[in-house]
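Participant: Pasting a structure here, questions to come.
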Amino acid sequence: MKRLLLLLPLVLFLGVAVFLYRGLFLDPTELPSALIGKPFPQFSLPAVADGKAISTADLKGKPALVNVWATWCVACRVEHPVLNQLAKLGVTIHGVNYKDDNAAAQKWLTEFHNPYQLNINDARGTLGLDLGVYGAPETFLIDKDGIIRHKFVGVIDERVWREELAPRYQELVDEVQP
């Protein structure tokens, strides 16, 4: 019995070591989402621009990126020019201004341009909570029916768009167009 007690620390150490070793090979940008394959959460929130209500139904009709952003988010500033380029190319992008001051958001969009067709003011973070948002930026790819097909955590740059998001987005667009 005494011998087993002496081996217990070694067994615990090996268990922790295996757990930590496995973690070295995980991709931190791949945060699993329980919402993949499920409808975008129901909401009714004001628009950033004019305060008019935007709801889940307004997101339906064509595939889109739903980008969670904020003026306090340094990475969002890095990502924003790429979103503007994508919008000019015809990519449908909706914004969720997350836990932010609406006046600051309006100023940001005036200064840095607005790539969003719809831009939701989520000042209290309720929609972000329903989406399982960890922080900004995060981007969801939804199909024409408002079903979440993919979640990307981090900055969308040209490489991420080209290699990861564009093929998925184009596949959803192709499903809509005959």
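Letters for chains follow the order of the structure tokens (A, B, ...), residue numbers begin at 1 for each chain, and ligand numbers begin at 1 in the order shown.
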Could you find all residues in region 11-177 of chain A that DSSP calls strand (DSSP E) from the backbone, and write them as an MDAnalysis selection string?

Facilitator: chainID A and resid 44:46 53:55 64:69 93:98 118:122 138:142 148:153

Participant: Leaving out Ala105 (chain A) and any residue of its chain fewer than 3 positions from it, which residues lie within 12 Å of it when counting only C-alpha atoms, given as a ChimeraX atom specification?

Facilitator: /A:47-50,69-73,76-77,95-102,108-114,119-123

Participant: Env of Lys88 (chain A): 12 Å cut, atoms = only C-alpha atoms, seq-sep filter 2 positions within chain, self excluded. Answer as number ranges by chain.

Facilitator: A: 81-86, 90-93, 113-117

Participant: Quote the spacing between CA of Gly125 (chain A) and CA of Phe43 (chain A) in Å to one decimal place.

Facilitator: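 Separating CA of Gly125 (chain A) from CA of Phe43 (chain A) is a distance of 11.5 Å.
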
Participant: Residues near Lys38 (chain A), anyone? I mean within 10 Å using only C-alpha atoms, not counting same-chain ones fewer than 4 positions away, as an NGL selection string.

Facilitator: :A and (34 or 142 or 146-149)

Participant: Which residues are near Tyr169 (chain A)? Cut-off 8 Å, only C-alpha atoms, ignore same chain within fewer than 5 positions. Put them as a count of residues only.

Facilitator: 3

Participant: Could you pull the residues within 8 Å of region 53-61 of chain A, counting only C-alpha atoms, minus those fewer than 5 positions along the same chain, as a compact mmCIF listing (two decimals) with N, CA, C and O atoms, in the first residue's frame?

Facilitator:
# COMPACT_ATOMS: atom_id res chain seq x y z
N PHE A 40 -29.17 31.23 -36.86
CA PHE A 40 -28.63 32.39 -36.17
C PHE A 40 -29.59 32.71 -35.03
O PHE A 40 -30.81 32.64 -35.19
N PRO A 41 -29.08 33.06 -33.85
CA PRO A 41 -29.96 33.31 -32.70
C PRO A 41 -31.00 34.41 -32.99
O PRO A 41 -30.72 35.36 -33.70
N GLN A 42 -32.17 34.24 -32.41
CA GLN A 42 -33.23 35.23 -32.55
C GLN A 42 -32.83 36.51 -31.81
O GLN A 42 -32.32 36.44 -30.69
N PHE A 43 -33.05 37.65 -32.45
CA PHE A 43 -32.74 38.93 -31.81
C PHE A 43 -33.56 40.03 -32.47
O PHE A 43 -34.06 39.88 -33.58
N SER A 44 -33.68 41.13 -31.80
CA SER A 44 -34.21 42.37 -32.34
C SER A 44 -33.45 43.48 -31.62
O SER A 44 -33.66 43.71 -30.43
N LEU A 45 -32.55 44.13 -32.35
CA LEU A 45 -31.69 45.17 -31.79
C LEU A 45 -31.64 46.36 -32.74
O LEU A 45 -31.91 46.22 -33.94
N PRO A 46 -31.26 47.53 -32.24
CA PRO A 46 -31.21 48.71 -33.10
C PRO A 46 -30.02 48.68 -34.06
O PRO A 46 -28.99 48.05 -33.78
N ALA A 47 -30.18 49.38 -35.17
CA ALA A 47 -29.09 49.56 -36.13
C ALA A 47 -28.12 50.61 -35.59
O ALA A 47 -28.53 51.54 -34.90
N HIS A 94 -22.49 41.65 -42.73
CA HIS A 94 -23.29 42.30 -41.70
C HIS A 94 -22.40 42.47 -40.48
O HIS A 94 -21.55 41.62 -40.21
N LEU A 118 -25.88 45.58 -43.10
CA LEU A 118 -26.64 45.79 -41.87
C LEU A 118 -25.61 45.85 -40.76
O LEU A 118 -24.63 45.11 -40.77
N ILE A 120 -25.58 45.93 -36.56
CA ILE A 120 -26.39 45.76 -35.36
C ILE A 120 -25.67 46.36 -34.16
O ILE A 120 -24.50 46.06 -33.92
N ASP A 143 -25.75 30.94 -44.21
CA ASP A 143 -26.30 30.69 -45.54
C ASP A 143 -27.55 31.56 -45.75
O ASP A 143 -27.91 32.36 -44.89
N LYS A 144 -28.20 31.39 -46.90
CA LYS A 144 -29.35 32.22 -47.26
C LYS A 144 -30.52 32.08 -46.29
O LYS A 144 -31.36 32.97 -46.18
N ASP A 145 -30.57 30.97 -45.57
CA ASP A 145 -31.65 30.73 -44.61
C ASP A 145 -31.28 31.16 -43.19
O ASP A 145 -32.04 30.92 -42.26
N GLY A 146 -30.09 31.76 -43.03
CA GLY A 146 -29.67 32.21 -41.71
C GLY A 146 -29.09 31.11 -40.84
O GLY A 146 -29.00 31.26 -39.63

Participant: Apply DSSP to the backbone of this structure and, from region 98-165 of chain A, keep only the residues in alpha helix (DSSP H); write these as a PyMOL selection string.

Facilitator: chain A and resi 102-112+126-131+158-160

Participant: Quick one: pull the distance between CA of Val173 (chain A) and CA of Gly37 (chain A), Å, one decimal.

Facilitator: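 It comes out at 16.7 Å.
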
Participant: Residues within 10 Å of Val155 (chain A), please, as a ChimeraX atom specification. Count only C-alpha atoms; anything in the same chain fewer than 4 positions from it doesn't count.

Facilitator: /A:29,75-80,82,136-139,160-161

Participant: Suppose you want the space between CA of Arg162 (chain A) and CA of Leu127 (chain A); what is it in Å?

Facilitator: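 So the two atoms, CA of Arg162 (chain A) and CA of Leu127 (chain A), lie 27.9 Å apart.
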